[in-house]
Amino acid sequence: MAAYNIVRFRVKPGREQEFIDVHRNADLGLPGFRRGGLVDTGDNTYCFVGEWENFDAIANARARMIGMLDQFRDCLEDLGNGLGVTDPVSGEAVIELSSKVSGAAPRARKRAKAAKRAAKTPAKKPRGPGSIRPAKKRSGAKTGRAVRAGRR
């Protein structure tokens, strides 16, 4: 099951964009790192949430994450209560949740399957200009003129 790390920061006034830019441009090619997001929680406070393949991947990346923190440490305020400039927590997921919006995921799956089928189906060969087929005549078809009984 996946593991997550969450780190809370308080950014010094006027340094928010610098803090955001460091995260935006960060090299997060860490083994086991899946994805992450920086969340603005208001009052110059942010949380980074990272999703990892497992807890060992977080532990193995700790030194590099601290190196990244050193790039913007001077942008941060002390959180107080002996925490320093970060309030990190991490652990393995106990449960993982997904959206239960009806129809959204099934429609996306249907579109993906249709696209795969279309990619596998050979394209029809275009016919040349002289290969137009004439319309088929049906036997006993009316010609467009109405013939009434007894009249010619």
# chains A, B, ... in the order shown; residues from 1 in each chain; ligands from 1
call {"tool": "residues_around", "arguments": {"residues": "Val94 of chain A", "least_positions_apart": "5", "cutoff": "10 Å", "atoms": "only C-alpha atoms", "output": "list in words"}}
result
Met1, Ala2 and Ala3 of chain A
call {"tool": "residues_around", "arguments": {"residues": "segment 84-90 of chain A", "least_positions_apart": "2", "cutoff": "12 Å", "atoms": "only C-alpha atoms", "output": "ChimeraX atom specification"}}
result
/A:2-12,45-52,54-59,62,65-66,69-70,72-82,92-93
call {"tool": "write_last_selection", "arguments": {"atoms": "N, CA and C atoms", "output": "CSV table (one decimal), in the first residue's frame"}}
result
chain,number,residue,atom,x,y,z
A,2,ALA,N,0.4,2.3,-0.5
A,2,ALA,CA,1.2,3.6,-0.6
A,2,ALA,C,1.5,4.2,0.7
A,3,ALA,N,2.5,5.0,0.7
A,3,ALA,CA,2.8,5.8,1.9
A,3,ALA,C,2.8,7.3,1.6
A,4,TYR,N,2.6,8.1,2.6
A,4,TYR,CA,2.5,9.6,2.4
A,4,TYR,C,3.4,10.3,3.3
A,5,ASN,N,3.9,11.4,2.9
A,5,ASN,CA,4.6,12.3,3.8
A,5,ASN,C,3.9,13.7,3.6
A,6,ILE,N,3.6,14.3,4.8
A,6,ILE,CA,3.0,15.6,4.8
A,6,ILE,C,3.8,16.5,5.7
A,7,VAL,N,4.2,17.7,5.1
A,7,VAL,CA,5.0,18.7,5.8
A,7,VAL,C,4.3,20.0,5.9
A,8,ARG,N,4.2,20.6,7.0
A,8,ARG,CA,3.6,21.9,7.2
A,8,ARG,C,4.7,22.9,7.3
A,9,PHE,N,4.5,24.1,6.6
A,9,PHE,CA,5.4,25.2,6.7
A,9,PHE,C,4.7,26.5,6.9
A,10,ARG,N,5.3,27.5,7.5
A,10,ARG,CA,4.8,28.8,7.6
A,10,ARG,C,5.9,29.7,6.9
A,11,VAL,N,5.5,30.4,5.8
A,11,VAL,CA,6.4,31.2,5.0
A,11,VAL,C,6.4,32.7,5.5
A,12,LYS,N,7.6,33.2,5.5
A,12,LYS,CA,7.7,34.6,5.9
A,12,LYS,C,6.9,35.5,4.9
A,45,THR,N,0.6,29.7,5.5
A,45,THR,CA,0.9,28.4,5.9
A,45,THR,C,0.6,27.5,4.7
A,46,TYR,N,1.5,26.5,4.4
A,46,TYR,CA,1.4,25.6,3.3
A,46,TYR,C,1.7,24.2,3.8
A,47,CYS,N,1.1,23.2,3.1
A,47,CYS,CA,1.4,21.8,3.4
A,47,CYS,C,1.9,21.1,2.1
A,48,PHE,N,2.9,20.4,2.1
A,48,PHE,CA,3.3,19.5,1.0
A,48,PHE,C,2.8,18.1,1.3
A,49,VAL,N,2.1,17.5,0.4
A,49,VAL,CA,1.7,16.1,0.5
A,49,VAL,C,2.3,15.3,-0.6
A,50,GLY,N,3.1,14.3,-0.2
A,50,GLY,CA,3.7,13.4,-1.2
A,50,GLY,C,3.2,12.0,-1.1
A,51,GLU,N,3.0,11.4,-2.3
A,51,GLU,CA,2.6,10.0,-2.3
A,51,GLU,C,3.7,9.2,-2.8
A,52,TRP,N,4.0,8.1,-2.1
A,52,TRP,CA,5.2,7.2,-2.4
A,52,TRP,C,4.7,5.8,-2.5
A,54,ASN,N,6.0,3.2,-1.1
A,54,ASN,CA,6.0,2.5,0.2
A,54,ASN,C,6.8,3.4,1.2
A,55,PHE,N,6.8,3.0,2.5
A,55,PHE,CA,7.4,3.9,3.5
A,55,PHE,C,8.9,3.8,3.4
A,56,ASP,N,9.5,2.7,2.9
A,56,ASP,CA,11.0,2.7,2.7
A,56,ASP,C,11.4,3.7,1.7
A,57,ALA,N,10.6,4.0,0.7
A,57,ALA,CA,11.0,5.0,-0.3
A,57,ALA,C,11.1,6.4,0.3
A,58,ILE,N,10.2,6.7,1.3
A,58,ILE,CA,10.3,7.9,2.0
A,58,ILE,C,11.6,8.0,2.8
A,59,ALA,N,11.8,6.9,3.6
A,59,ALA,CA,13.0,6.9,4.5
A,59,ALA,C,14.3,7.0,3.6
A,62,ARG,N,14.9,10.7,2.5
A,62,ARG,CA,15.0,11.8,3.5
A,62,ARG,C,16.1,12.7,3.4
A,65,MET,N,15.4,15.1,0.6
A,65,MET,CA,14.3,16.0,0.9
A,65,MET,C,14.9,17.1,1.9
A,66,ILE,N,15.8,16.8,2.8
A,66,ILE,CA,16.4,17.8,3.6
A,66,ILE,C,17.2,18.7,2.8
A,69,LEU,N,14.9,21.2,1.3
A,69,LEU,CA,14.5,22.1,2.4
A,69,LEU,C,15.6,23.2,2.6
A,70,ASP,N,16.8,22.8,2.5
A,70,ASP,CA,17.9,23.8,2.7
A,70,ASP,C,17.9,24.9,1.7
A,72,PHE,N,15.3,26.5,0.6
A,72,PHE,CA,14.3,27.6,1.0
A,72,PHE,C,14.1,27.8,2.5
A,73,ARG,N,14.9,27.2,3.3
A,73,ARG,CA,14.8,27.3,4.7
A,73,ARG,C,14.7,28.7,5.2
A,74,ASP,N,15.5,29.6,4.6
A,74,ASP,CA,15.4,31.0,5.0
A,74,ASP,C,14.1,31.7,4.7
A,75,CYS,N,13.2,31.1,3.9
A,75,CYS,CA,11.9,31.6,3.5
A,75,CYS,C,10.9,31.3,4.6
A,76,LEU,N,11.3,30.4,5.6
A,76,LEU,CA,10.3,29.9,6.5
A,76,LEU,C,10.4,30.6,7.9
A,77,GLU,N,9.3,30.6,8.6
A,77,GLU,CA,9.2,31.1,10.0
A,77,GLU,C,9.2,29.9,10.9
A,78,ASP,N,9.7,30.1,12.1
A,78,ASP,CA,9.6,29.0,13.1
A,78,ASP,C,8.2,28.8,13.5
A,79,LEU,N,7.7,27.6,13.5
A,79,LEU,CA,6.4,27.3,13.9
A,79,LEU,C,6.0,27.3,15.4
A,80,GLY,N,7.1,27.4,16.2
A,80,GLY,CA,6.9,27.5,17.6
A,80,GLY,C,6.7,26.1,18.2
A,81,ASN,N,6.6,26.1,19.5
A,81,ASN,CA,6.4,24.9,20.3
A,81,ASN,C,7.5,23.8,20.1
A,82,GLY,N,8.7,24.3,19.8
A,82,GLY,CA,9.8,23.4,19.6
A,82,GLY,C,9.8,22.7,18.3
A,92,GLU,N,2.4,4.8,6.3
A,92,GLU,CA,1.8,4.0,5.3
A,92,GLU,C,0.2,4.2,5.4
A,93,ALA,N,-0.4,4.2,4.2
A,93,ALA,CA,-1.8,4.3,4.2
A,93,ALA,C,-2.5,3.1,4.8
call {"tool": "select_by_dssp", "arguments": {"residues": "segment 36-85 of chain A", "states": "strand (DSSP E or B)", "output": "ChimeraX atom specification"}}
result
/A:36-42,45-52,76
call {"tool": "write_last_selection", "arguments": {"atoms": "C-alpha atoms", "output": "mmCIF file, in the first residue's frame"}}
result
data_model
loop_
_atom_site.group_PDB
_atom_site.id
_atom_site.type_symbol
_atom_site.label_atom_id
_atom_site.label_comp_id
_atom_site.auth_asym_id
_atom_site.auth_seq_id
_atom_site.Cartn_x
_atom_site.Cartn_y
_atom_site.Cartn_z
ATOM 1 C CA GLY A 36 2.787 15.369 -4.680
ATOM 2 C CA GLY A 37 1.105 18.684 -4.184
ATOM 3 C CA LEU A 38 1.722 21.946 -2.368
ATOM 4 C CA VAL A 39 -1.417 23.150 -0.609
ATOM 5 C CA ASP A 40 -2.030 26.761 0.461
ATOM 6 C CA THR A 41 -3.849 26.444 3.801
ATOM 7 C CA GLY A 42 -4.051 30.217 4.435
ATOM 8 C CA THR A 45 0.883 28.366 5.853
ATOM 9 C CA TYR A 46 1.403 25.577 3.318
ATOM 10 C CA CYS A 47 1.431 21.793 3.384
ATOM 11 C CA PHE A 48 3.310 19.535 1.028
ATOM 12 C CA VAL A 49 1.664 16.145 0.523
ATOM 13 C CA GLY A 50 3.706 13.444 -1.207
ATOM 14 C CA GLU A 51 2.560 10.007 -2.331
ATOM 15 C CA TRP A 52 5.166 7.229 -2.373
ATOM 16 C CA LEU A 76 10.341 29.898 6.547
#
call {"tool": "atom_distance", "arguments": {"atom1": "atom CA of Glu96 of chain A", "atom2": "atom CA of Pro31 of chain A"}}
result
21.0 Å
